[in-house]
Amino acid sequence: MAEPVSFHDFVALRSSALLRSAWLLTGDWASAQDLVQETLGRVWVRWDRITRRDAPDAYVRRVMMTTWLGWRRRRSHDELPVGELPERPLSAGAHEISELRSSLLPALRSLPPRQRAVVVLRYFEDLTEAQVAEALGCAVGTVKSQCARALAQLRVDPRLTDSRTHP
Amino acid sequence: MMNEQELSAALHELTPSPPAGLDWAAIDRHAKRHRRRRLTTTAAGAAGAVTALAVGIAVLLSGHGDRQAVVTNSGPTPTPRLGDGRLYVLDTTLLSTQYQPFTACYSILTSLPPAGCGGVPVTGLPREIPTAHTFENGTVQTSALHLVGHWDGHVLALTQPPVPTSSHTRVSEPSCGPANPTGAALQATITKRSTELAQQGVPVLQTAPCGATVELLTPVASRRALDILRTEFGAVRVTAWLTRADAAQRTEDCAPPTYDMNNISNTLCPDGRAKWQAYRWLQGLSPVLFDLDESSTLSEVRTALCADQRYGATQPEELQSLQVAAAMYGWAFTKEAVDRNGLIDCR
């Protein structure tokens, strides 16, 4: 059995990846950081037990998905319409992907939460259908059907269609 | 048509690098909350472990080593999440010492190297902080930086890299008159309860005597903060240190308004725009009114004026707020918002 990974090491190694996935789920860095922070806060209190398993990563991912879907159900973390300046991207020189970002991210956010989670886990984190099912606590068949529906919606989303016809 | 490979590639291309650093204080708070839930069922001990977590993981701060670190909340009360989704701006110096994470400084202890500063913790700093100077003992201090971020009641989480600026955010200092014994006693009470207030998301950065009451400075004069402060301490005068990003754009720093004891006048610039300092002084008095925007109706403005009066704003203060808010939001119905005697009628 592998040496149990410390919480410190896990956060140092995985927080960046978790933040990226959280950003795709939530759509902004502030909420992404909130999501990851809450996830880490939840898993830390039972870290000893988690690290007795072989794959703390999968457990943490599942907690993050459960937390996010819980937010969505409670609607307490919904996007708030505000009149202030939008957040600016932190990375400079990202003009070449701005069109893609401006079209794909809204399209992604238009998906129902569970479908969005499936897309992020399957196509961003490159998990297998079985791993996605484990992360979301559902059957593999559910992952397949949710994935198919999400792809079908993205394929007909006019924002993506338009952005792809104007290089 | 988008296939699976294209989608995967697009998602990876789309996702930018995350900003440096997580807010360890927030992780600490979440851990506390969940531990408390578990303790109710397991009756287990280990009460101090969560604080130990925050201290222990200080070394892990991504981005800049062990600096952007830990605010340990040793109190037993879970700290609430108070973010309002707004962006705030602040021009000030950052400081980090062996014992203090990066802090946007309101006031700095003037030893050299500085021993610390009062202000608000900052997260989301980039790996390279502009103008940062490291002293021999490891203390890091910057020149004035323009900070933009969200305030959650405990930390300022930056949403964009700080950039050097030539100015510091100033706080207007109106004359309240000398303290009387009642005000002095209240000031002492507030000082004693400052830790408790900070845990509730209302850190007090400064107090000053103000006749029979107290003027205090807090990072954001939100309605919630005012509710807490005025419920606990009566009609205290509250000013905010952080400025809403949109308000900074809608005001102008042309010349100071005129302060006369507890009143303010001369609140507009010659071009009709609202004076920035007037807004800063009035926002803590009329939080409901300044929460409105360009699309607000006459009815909403009347309701807000009366709500602010219930918070403790006086007629003259609220009329000045109305003038400033109208200039900021372009309202054309200020005359209709008051009665024919020029007063706010809340009957």
# chains A, B, ... in the order shown; residues from 1 in each chain; ligands from 1
>>> closest_atom_pairs(of="chain B", to="chain A", cutoff="6 Å", atoms="only C-alpha atoms", output="tab-separated table")
residue	atom	partner	partner_atom	distance
B:Met1	CA	A:Arg155	CA	5.7
B:Met2	CA	A:Arg155	CA	5.6
B:Ser8	CA	A:Tyr123	CA	4.6
B:Leu11	CA	A:Phe124	CA	5.9
B:Leu14	CA	A:Arg101	CA	5.5
B:Ile27	CA	A:Gly41	CA	4.6
B:His30	CA	A:Gly41	CA	4.7
B:Ala31	CA	A:Gly41	CA	4.0
B:Gln160	CA	A:Leu90	CA	5.5
B:Asp246	CA	A:Glu84	CA	5.3
>>> residues_around(residues="Asp271 in chain B", least_positions_apart="6", cutoff="12 Å", atoms="only C-alpha atoms", output="VMD selection string")
chain B and resid 251 to 255 327
>>> residues_around(residues="Ala148 in chain A", least_positions_apart="2", cutoff="12 Å", atoms="only C-alpha atoms", output="PDB file with C-alpha atoms, in the first residue's frame")
ATOM      1  CA  GLN A 115     -24.521  17.566 -17.052  1.00  0.00           C
ATOM      2  CA  ARG A 116     -21.967  20.309 -16.571  1.00  0.00           C
ATOM      3  CA  VAL A 118     -20.178  15.227 -16.227  1.00  0.00           C
ATOM      4  CA  VAL A 119     -18.617  17.285 -19.025  1.00  0.00           C
ATOM      5  CA  ARG A 122     -15.135  13.468 -18.491  1.00  0.00           C
ATOM      6  CA  GLU A 129     -17.173   6.898 -17.267  1.00  0.00           C
ATOM      7  CA  GLY A 141     -25.467   4.389 -17.382  1.00  0.00           C
ATOM      8  CA  THR A 142     -26.515   7.726 -15.909  1.00  0.00           C
ATOM      9  CA  VAL A 143     -23.153   9.200 -16.799  1.00  0.00           C
ATOM     10  CA  LYS A 144     -23.527   7.977 -20.360  1.00  0.00           C
ATOM     11  CA  SER A 145     -26.965   9.433 -20.765  1.00  0.00           C
ATOM     12  CA  GLN A 146     -26.070  12.749 -19.113  1.00  0.00           C
ATOM     13  CA  ALA A 150     -24.791  17.484 -22.758  1.00  0.00           C
ATOM     14  CA  LEU A 151     -22.938  16.882 -25.997  1.00  0.00           C
ATOM     15  CA  ALA A 152     -26.158  17.071 -27.947  1.00  0.00           C
ATOM     16  CA  GLN A 153     -26.964  20.426 -26.376  1.00  0.00           C
ATOM     17  CA  LEU A 154     -23.483  21.798 -26.975  1.00  0.00           C
ATOM     18  CA  ARG A 155     -23.583  20.706 -30.607  1.00  0.00           C
TER      19      ARG A 155
ATOM     20  CA  ASN B   3     -16.925  16.088 -31.167  1.00  0.00           C
ATOM     21  CA  GLU B   4     -15.552  14.739 -27.929  1.00  0.00           C
TER      22      GLU B   4
END
>>> atom_distance(atom1="CA of Thr182 in chain B", atom2="CA of Phe233 in chain B")
11.5 Å
>>> atom_distance(atom1="CA of Thr258 in chain B", atom2="CA of Glu317 in chain B")
13.0 Å
>>> residues_around(residues="Ala115 in chain B", least_positions_apart="2", cutoff="12 Å", atoms="only C-alpha atoms", output="NGL selection string")
:B and (95-100 or 107-113 or 117-118 or 135 or 137-141)
>>> write_last_selection(atoms="all heavy atoms", output="compact mmCIF listing (two decimals), in the first residue's frame")
# COMPACT_ATOMS: atom_id res chain seq x y z
N LEU B 95 1.99 44.53 3.47
CA LEU B 95 3.07 44.18 4.39
C LEU B 95 2.89 42.73 4.83
O LEU B 95 1.76 42.25 5.02
CB LEU B 95 3.03 45.08 5.62
CG LEU B 95 4.13 44.85 6.65
CD1 LEU B 95 5.45 45.44 6.16
CD2 LEU B 95 3.77 45.48 7.99
N SER B 96 4.00 42.04 4.94
CA SER B 96 3.97 40.69 5.48
C SER B 96 5.17 40.53 6.40
O SER B 96 6.29 40.93 6.05
CB SER B 96 4.04 39.67 4.34
OG SER B 96 4.31 38.39 4.85
N THR B 97 4.93 39.97 7.57
CA THR B 97 6.03 39.72 8.50
C THR B 97 6.03 38.24 8.85
O THR B 97 5.17 37.48 8.40
CB THR B 97 5.88 40.52 9.80
OG1 THR B 97 4.83 39.95 10.56
CG2 THR B 97 5.59 41.98 9.54
N GLN B 98 6.98 37.89 9.70
CA GLN B 98 7.06 36.51 10.14
C GLN B 98 5.76 36.06 10.81
O GLN B 98 5.43 34.89 10.80
CB GLN B 98 8.23 36.40 11.12
CG GLN B 98 8.54 34.99 11.57
CD GLN B 98 9.71 34.98 12.55
OE1 GLN B 98 10.35 36.00 12.78
NE2 GLN B 98 9.97 33.82 13.13
N TYR B 99 5.07 36.98 11.41
CA TYR B 99 3.88 36.64 12.18
C TYR B 99 2.58 37.09 11.53
O TYR B 99 1.51 36.90 12.08
CB TYR B 99 3.98 37.27 13.59
CG TYR B 99 5.25 36.93 14.30
CD1 TYR B 99 6.28 37.86 14.40
CD2 TYR B 99 5.45 35.67 14.84
CE1 TYR B 99 7.46 37.54 15.04
CE2 TYR B 99 6.64 35.35 15.47
CZ TYR B 99 7.64 36.28 15.57
OH TYR B 99 8.82 35.95 16.19
N GLN B 100 2.67 37.70 10.40
CA GLN B 100 1.47 38.30 9.81
C GLN B 100 1.43 37.99 8.31
O GLN B 100 2.40 38.24 7.61
CB GLN B 100 1.51 39.83 10.02
CG GLN B 100 0.27 40.55 9.54
CD GLN B 100 0.30 42.05 9.89
OE1 GLN B 100 1.36 42.63 10.07
NE2 GLN B 100 -0.85 42.66 9.99
N SER B 107 -2.78 51.19 8.77
CA SER B 107 -1.76 51.93 9.51
C SER B 107 -0.59 50.99 9.80
O SER B 107 -0.80 49.80 10.10
CB SER B 107 -2.33 52.48 10.82
OG SER B 107 -2.80 51.42 11.61
N ILE B 108 0.62 51.50 9.67
CA ILE B 108 1.81 50.67 9.80
C ILE B 108 2.60 51.10 11.03
O ILE B 108 2.77 52.30 11.28
CB ILE B 108 2.71 50.82 8.55
CG1 ILE B 108 1.95 50.34 7.32
CG2 ILE B 108 4.00 50.03 8.70
CD1 ILE B 108 2.75 50.41 6.04
N LEU B 109 3.05 50.10 11.79
CA LEU B 109 3.98 50.40 12.88
C LEU B 109 5.29 50.89 12.27
O LEU B 109 5.87 50.21 11.42
CB LEU B 109 4.20 49.16 13.73
CG LEU B 109 2.95 48.65 14.45
CD1 LEU B 109 3.22 47.31 15.12
CD2 LEU B 109 2.49 49.66 15.48
N THR B 110 5.74 52.01 12.69
CA THR B 110 6.76 52.71 11.91
C THR B 110 8.20 52.33 12.26
O THR B 110 9.11 53.05 11.92
CB THR B 110 6.61 54.24 12.08
OG1 THR B 110 6.55 54.53 13.47
CG2 THR B 110 5.35 54.72 11.40
N SER B 111 8.41 51.24 12.94
CA SER B 111 9.78 50.79 13.10
C SER B 111 10.32 50.35 11.74
O SER B 111 9.57 50.16 10.79
CB SER B 111 9.83 49.62 14.08
OG SER B 111 9.04 48.57 13.58
N LEU B 112 11.62 50.17 11.67
CA LEU B 112 12.19 49.71 10.41
C LEU B 112 13.08 48.50 10.69
O LEU B 112 14.06 48.63 11.42
CB LEU B 112 13.03 50.83 9.77
CG LEU B 112 13.27 50.68 8.27
CD1 LEU B 112 11.96 50.81 7.52
CD2 LEU B 112 14.26 51.71 7.78
N PRO B 113 12.81 47.33 10.19
CA PRO B 113 11.64 47.00 9.36
C PRO B 113 10.34 47.12 10.17
O PRO B 113 10.36 46.95 11.39
CB PRO B 113 11.89 45.54 8.99
CG PRO B 113 13.31 45.27 9.28
CD PRO B 113 13.70 46.18 10.38
N CYS B 117 1.23 45.72 10.76
CA CYS B 117 0.32 46.81 10.41
C CYS B 117 -1.11 46.38 10.69
O CYS B 117 -1.41 45.19 10.77
CB CYS B 117 0.50 47.23 8.95
SG CYS B 117 -0.23 46.15 7.72
N GLY B 118 -1.97 47.34 10.84
CA GLY B 118 -3.40 47.08 10.95
C GLY B 118 -4.02 47.21 9.58
O GLY B 118 -3.63 48.08 8.80
N PHE B 135 13.04 42.85 3.63
CA PHE B 135 14.04 43.24 4.62
C PHE B 135 14.84 42.01 5.06
O PHE B 135 14.45 40.87 4.77
CB PHE B 135 13.35 43.87 5.84
CG PHE B 135 12.72 45.21 5.55
CD1 PHE B 135 11.40 45.29 5.17
CD2 PHE B 135 13.47 46.38 5.65
CE1 PHE B 135 10.82 46.52 4.89
CE2 PHE B 135 12.88 47.60 5.39
CZ PHE B 135 11.56 47.67 5.00
N ASN B 137 15.11 40.60 7.85
CA ASN B 137 14.42 39.65 8.73
C ASN B 137 13.26 38.94 8.04
O ASN B 137 12.48 38.24 8.67
CB ASN B 137 13.90 40.37 9.98
CG ASN B 137 12.79 41.36 9.64
OD1 ASN B 137 12.51 41.63 8.48
ND2 ASN B 137 12.15 41.89 10.67
N GLY B 138 13.12 39.14 6.72
CA GLY B 138 12.08 38.45 5.98
C GLY B 138 10.81 39.24 5.81
O GLY B 138 9.91 38.83 5.06
N THR B 139 10.70 40.36 6.51
CA THR B 139 9.51 41.20 6.33
C THR B 139 9.46 41.75 4.89
O THR B 139 10.48 42.18 4.35
CB THR B 139 9.54 42.38 7.33
OG1 THR B 139 9.42 41.85 8.64
CG2 THR B 139 8.42 43.36 7.07
N VAL B 140 8.28 41.68 4.30
CA VAL B 140 8.11 42.19 2.93
C VAL B 140 7.17 43.38 2.97
O VAL B 140 6.11 43.32 3.59
CB VAL B 140 7.53 41.09 2.01
CG1 VAL B 140 7.35 41.63 0.59
CG2 VAL B 140 8.42 39.86 2.00
N GLN B 141 7.57 44.45 2.30
CA GLN B 141 6.72 45.64 2.24
C GLN B 141 6.71 46.15 0.82
O GLN B 141 7.73 46.10 0.12
CB GLN B 141 7.25 46.72 3.18
CG GLN B 141 6.33 47.94 3.25
CD GLN B 141 6.84 49.01 4.21
OE1 GLN B 141 7.99 48.95 4.65
NE2 GLN B 141 6.00 49.97 4.52
>>> closest_residue(among="B:Gly330, B:Pro257, B:Gly124, B:Gly284", to="Val238 in chain B", atoms="only C-alpha atoms")
B:Gly284
>>> residues_around(residues="range 69-72 of chain A", least_positions_apart="6", cutoff="10 Å", atoms="only C-alpha atoms", output="PyMOL selection string")
chain A and resi 25-26+35+63+78+112-114+117+136
>>> select_by_dssp(residues="range 103-320 of chain B", states="alpha helix (DSSP H)", output="ChimeraX atom specification")
/B:181-192,194-199,223-233,245-250,276-283,287-290,298-311,315-320
>>> write_last_selection(atoms="C-alpha atoms", output="PDB file, in the first residue's frame")
ATOM      1  CA  PRO B 181     -17.852  60.475  28.893  1.00  0.00           C
ATOM      2  CA  THR B 182     -20.592  58.509  27.157  1.00  0.00           C
ATOM      3  CA  GLY B 183     -18.643  58.450  23.893  1.00  0.00           C
ATOM      4  CA  ALA B 184     -15.422  57.539  25.631  1.00  0.00           C
ATOM      5  CA  ALA B 185     -17.091  54.623  27.420  1.00  0.00           C
ATOM      6  CA  LEU B 186     -18.610  53.424  24.176  1.00  0.00           C
ATOM      7  CA  GLN B 187     -15.248  53.625  22.440  1.00  0.00           C
ATOM      8  CA  ALA B 188     -13.727  51.443  25.161  1.00  0.00           C
ATOM      9  CA  THR B 189     -16.553  48.915  24.810  1.00  0.00           C
ATOM     10  CA  ILE B 190     -16.084  48.687  21.054  1.00  0.00           C
ATOM     11  CA  THR B 191     -12.358  48.223  21.463  1.00  0.00           C
ATOM     12  CA  LYS B 192     -12.912  45.397  23.942  1.00  0.00           C
ATOM     13  CA  SER B 194     -13.182  44.131  18.421  1.00  0.00           C
ATOM     14  CA  THR B 195     -12.162  40.458  18.227  1.00  0.00           C
ATOM     15  CA  GLU B 196     -15.758  39.345  18.454  1.00  0.00           C
ATOM     16  CA  LEU B 197     -16.750  41.850  15.772  1.00  0.00           C
ATOM     17  CA  ALA B 198     -13.978  40.640  13.491  1.00  0.00           C
ATOM     18  CA  GLN B 199     -15.240  37.085  13.863  1.00  0.00           C
ATOM     19  CA  ARG B 223     -26.040  46.886   5.530  1.00  0.00           C
ATOM     20  CA  ARG B 224     -25.226  43.780   7.509  1.00  0.00           C
ATOM     21  CA  ALA B 225     -22.214  45.438   9.125  1.00  0.00           C
ATOM     22  CA  LEU B 226     -24.298  48.459  10.013  1.00  0.00           C
ATOM     23  CA  ASP B 227     -27.030  46.259  11.424  1.00  0.00           C
ATOM     24  CA  ILE B 228     -24.557  44.576  13.729  1.00  0.00           C
ATOM     25  CA  LEU B 229     -22.824  47.771  14.793  1.00  0.00           C
ATOM     26  CA  ARG B 230     -25.941  49.801  15.395  1.00  0.00           C
ATOM     27  CA  THR B 231     -27.761  46.990  17.128  1.00  0.00           C
ATOM     28  CA  GLU B 232     -24.842  46.552  19.483  1.00  0.00           C
ATOM     29  CA  PHE B 233     -23.691  50.121  19.950  1.00  0.00           C
ATOM     30  CA  ALA B 245     -15.362  49.682  -7.828  1.00  0.00           C
ATOM     31  CA  ASP B 246     -18.407  51.130  -9.526  1.00  0.00           C
ATOM     32  CA  ALA B 247     -18.603  54.006  -7.058  1.00  0.00           C
ATOM     33  CA  ALA B 248     -14.987  54.900  -7.730  1.00  0.00           C
ATOM     34  CA  GLN B 249     -15.897  55.273 -11.383  1.00  0.00           C
ATOM     35  CA  ARG B 250     -19.014  57.311 -10.706  1.00  0.00           C
ATOM     36  CA  TRP B 276     -15.543  60.906  -4.079  1.00  0.00           C
ATOM     37  CA  GLN B 277     -14.921  61.933  -0.499  1.00  0.00           C
ATOM     38  CA  ALA B 278     -18.527  62.959  -0.061  1.00  0.00           C
ATOM     39  CA  TYR B 279     -19.629  59.537  -1.234  1.00  0.00           C
ATOM     40  CA  ARG B 280     -17.218  57.868   1.154  1.00  0.00           C
ATOM     41  CA  TRP B 281     -18.499  59.892   4.070  1.00  0.00           C
ATOM     42  CA  LEU B 282     -22.155  59.374   3.246  1.00  0.00           C
ATOM     43  CA  GLN B 283     -22.180  55.721   2.219  1.00  0.00           C
ATOM     44  CA  PRO B 287     -26.319  52.225   2.716  1.00  0.00           C
ATOM     45  CA  VAL B 288     -29.749  51.390   1.324  1.00  0.00           C
ATOM     46  CA  LEU B 289     -29.818  54.419  -0.937  1.00  0.00           C
ATOM     47  CA  PHE B 290     -26.324  53.801  -2.297  1.00  0.00           C
ATOM     48  CA  LEU B 298     -38.702  57.049  -7.705  1.00  0.00           C
ATOM     49  CA  SER B 299     -40.625  54.669  -5.483  1.00  0.00           C
ATOM     50  CA  GLU B 300     -37.488  52.650  -4.730  1.00  0.00           C
ATOM     51  CA  VAL B 301     -35.576  55.808  -3.891  1.00  0.00           C
ATOM     52  CA  ARG B 302     -38.293  56.984  -1.496  1.00  0.00           C
ATOM     53  CA  THR B 303     -38.322  53.588   0.189  1.00  0.00           C
ATOM     54  CA  ALA B 304     -34.524  53.626   0.498  1.00  0.00           C
ATOM     55  CA  LEU B 305     -34.490  57.110   1.993  1.00  0.00           C
ATOM     56  CA  CYS B 306     -36.905  56.057   4.707  1.00  0.00           C
ATOM     57  CA  ALA B 307     -35.050  52.796   5.326  1.00  0.00           C
ATOM     58  CA  ASP B 308     -31.847  54.746   5.873  1.00  0.00           C
ATOM     59  CA  GLN B 309     -33.606  57.045   8.284  1.00  0.00           C
ATOM     60  CA  ARG B 310     -34.623  54.007  10.261  1.00  0.00           C
ATOM     61  CA  TYR B 311     -30.910  53.083  10.317  1.00  0.00           C
ATOM     62  CA  GLN B 315     -32.811  64.479   7.353  1.00  0.00           C
ATOM     63  CA  PRO B 316     -29.828  66.671   6.372  1.00  0.00           C
ATOM     64  CA  GLU B 317     -27.581  63.657   5.955  1.00  0.00           C
ATOM     65  CA  GLU B 318     -30.124  61.801   3.893  1.00  0.00           C
ATOM     66  CA  LEU B 319     -30.770  64.833   1.681  1.00  0.00           C
ATOM     67  CA  GLN B 320     -27.044  65.141   1.007  1.00  0.00           C
TER      68      GLN B 320
END
>>> atom_distance(atom1="CA of Lys32 in chain B", atom2="CA of Leu125 in chain B")
25.1 Å
>>> decode(residues="range 283-314 of chain B", atoms="N, CA and C atoms", output="mmCIF file, in the first residue's frame")
data_model
loop_
_atom_site.group_PDB
_atom_site.id
_atom_site.type_symbol
_atom_site.label_atom_id
_atom_site.label_comp_id
_atom_site.auth_asym_id
_atom_site.auth_seq_id
_atom_site.Cartn_x
_atom_site.Cartn_y
_atom_site.Cartn_z
ATOM 1 N N GLN B 283 -21.734 57.085 2.511
ATOM 2 C CA GLN B 283 -22.180 55.721 2.219
ATOM 3 C C GLN B 283 -22.512 54.937 3.483
ATOM 4 N N GLY B 284 -21.809 55.236 4.551
ATOM 5 C CA GLY B 284 -22.107 54.534 5.792
ATOM 6 C C GLY B 284 -23.376 55.034 6.461
ATOM 7 N N LEU B 285 -23.819 56.218 6.039
ATOM 8 C CA LEU B 285 -25.049 56.763 6.608
ATOM 9 C C LEU B 285 -26.273 56.310 5.812
ATOM 10 N N SER B 286 -26.066 56.092 4.512
ATOM 11 C CA SER B 286 -27.208 55.792 3.642
ATOM 12 C C SER B 286 -26.930 54.540 2.817
ATOM 13 N N PRO B 287 -26.698 53.424 3.471
ATOM 14 C CA PRO B 287 -26.319 52.225 2.716
ATOM 15 C C PRO B 287 -27.413 51.736 1.777
ATOM 16 N N VAL B 288 -28.669 51.892 2.176
ATOM 17 C CA VAL B 288 -29.749 51.390 1.324
ATOM 18 C C VAL B 288 -29.844 52.240 0.062
ATOM 19 N N LEU B 289 -29.734 53.531 0.218
ATOM 20 C CA LEU B 289 -29.818 54.419 -0.937
ATOM 21 C C LEU B 289 -28.673 54.147 -1.914
ATOM 22 N N PHE B 290 -27.462 54.003 -1.400
ATOM 23 C CA PHE B 290 -26.324 53.801 -2.297
ATOM 24 C C PHE B 290 -26.282 52.381 -2.866
ATOM 25 N N ASP B 291 -27.107 51.496 -2.345
ATOM 26 C CA ASP B 291 -27.210 50.165 -2.939
ATOM 27 C C ASP B 291 -28.071 50.176 -4.204
ATOM 28 N N LEU B 292 -28.751 51.280 -4.465
ATOM 29 C CA LEU B 292 -29.569 51.376 -5.680
ATOM 30 C C LEU B 292 -28.654 51.615 -6.886
ATOM 31 N N ASP B 293 -29.267 51.792 -8.051
ATOM 32 C CA ASP B 293 -28.451 52.001 -9.248
ATOM 33 C C ASP B 293 -29.192 52.868 -10.262
ATOM 34 N N GLU B 294 -28.683 52.905 -11.493
ATOM 35 C CA GLU B 294 -29.253 53.784 -12.520
ATOM 36 C C GLU B 294 -30.708 53.450 -12.837
ATOM 37 N N SER B 295 -31.071 52.193 -12.680
ATOM 38 C CA SER B 295 -32.408 51.780 -13.109
ATOM 39 C C SER B 295 -33.451 51.942 -12.006
ATOM 40 N N SER B 296 -33.036 52.429 -10.862
ATOM 41 C CA SER B 296 -33.978 52.505 -9.741
ATOM 42 C C SER B 296 -35.078 53.533 -10.002
ATOM 43 N N THR B 297 -36.239 53.237 -9.466
ATOM 44 C CA THR B 297 -37.393 54.098 -9.688
ATOM 45 C C THR B 297 -37.556 55.086 -8.525
ATOM 46 N N LEU B 298 -38.424 56.063 -8.746
ATOM 47 C CA LEU B 298 -38.702 57.049 -7.705
ATOM 48 C C LEU B 298 -39.218 56.361 -6.441
ATOM 49 N N SER B 299 -40.074 55.378 -6.632
ATOM 50 C CA SER B 299 -40.625 54.669 -5.483
ATOM 51 C C SER B 299 -39.520 53.959 -4.692
ATOM 52 N N GLU B 300 -38.585 53.343 -5.412
ATOM 53 C CA GLU B 300 -37.488 52.650 -4.730
ATOM 54 C C GLU B 300 -36.607 53.636 -3.965
ATOM 55 N N VAL B 301 -36.402 54.795 -4.561
ATOM 56 C CA VAL B 301 -35.576 55.808 -3.891
ATOM 57 C C VAL B 301 -36.253 56.293 -2.620
ATOM 58 N N ARG B 302 -37.570 56.543 -2.705
ATOM 59 C CA ARG B 302 -38.293 56.984 -1.496
ATOM 60 C C ARG B 302 -38.211 55.927 -0.398
ATOM 61 N N THR B 303 -38.395 54.678 -0.797
ATOM 62 C CA THR B 303 -38.322 53.588 0.189
ATOM 63 C C THR B 303 -36.938 53.531 0.827
ATOM 64 N N ALA B 304 -35.904 53.703 -0.012
ATOM 65 C CA ALA B 304 -34.524 53.626 0.498
ATOM 66 C C ALA B 304 -34.241 54.779 1.457
ATOM 67 N N LEU B 305 -34.714 55.953 1.120
ATOM 68 C CA LEU B 305 -34.490 57.110 1.993
ATOM 69 C C LEU B 305 -35.074 56.861 3.383
ATOM 70 N N CYS B 306 -36.265 56.299 3.406
ATOM 71 C CA CYS B 306 -36.905 56.057 4.707
ATOM 72 C C CYS B 306 -36.214 54.909 5.438
ATOM 73 N N ALA B 307 -35.769 53.908 4.681
ATOM 74 C CA ALA B 307 -35.050 52.796 5.326
ATOM 75 C C ALA B 307 -33.779 53.315 5.986
ATOM 76 N N ASP B 308 -33.078 54.205 5.295
ATOM 77 C CA ASP B 308 -31.847 54.746 5.873
ATOM 78 C C ASP B 308 -32.138 55.594 7.100
ATOM 79 N N GLN B 309 -33.264 56.270 7.083
ATOM 80 C CA GLN B 309 -33.606 57.045 8.284
ATOM 81 C C GLN B 309 -33.862 56.122 9.464
ATOM 82 N N ARG B 310 -34.428 54.970 9.160
ATOM 83 C CA ARG B 310 -34.623 54.007 10.261
ATOM 84 C C ARG B 310 -33.276 53.488 10.757
ATOM 85 N N TYR B 311 -32.259 53.465 9.884
ATOM 86 C CA TYR B 311 -30.910 53.083 10.317
ATOM 87 C C TYR B 311 -30.283 54.166 11.185
ATOM 88 N N GLY B 312 -30.830 55.368 11.134
ATOM 89 C CA GLY B 312 -30.293 56.416 11.985
ATOM 90 C C GLY B 312 -29.827 57.655 11.252
ATOM 91 N N ALA B 313 -29.911 57.676 9.923
ATOM 92 C CA ALA B 313 -29.506 58.878 9.186
ATOM 93 C C ALA B 313 -30.482 60.010 9.483
ATOM 94 N N THR B 314 -29.943 61.220 9.559
ATOM 95 C CA THR B 314 -30.803 62.369 9.821
ATOM 96 C C THR B 314 -31.315 62.928 8.497
#
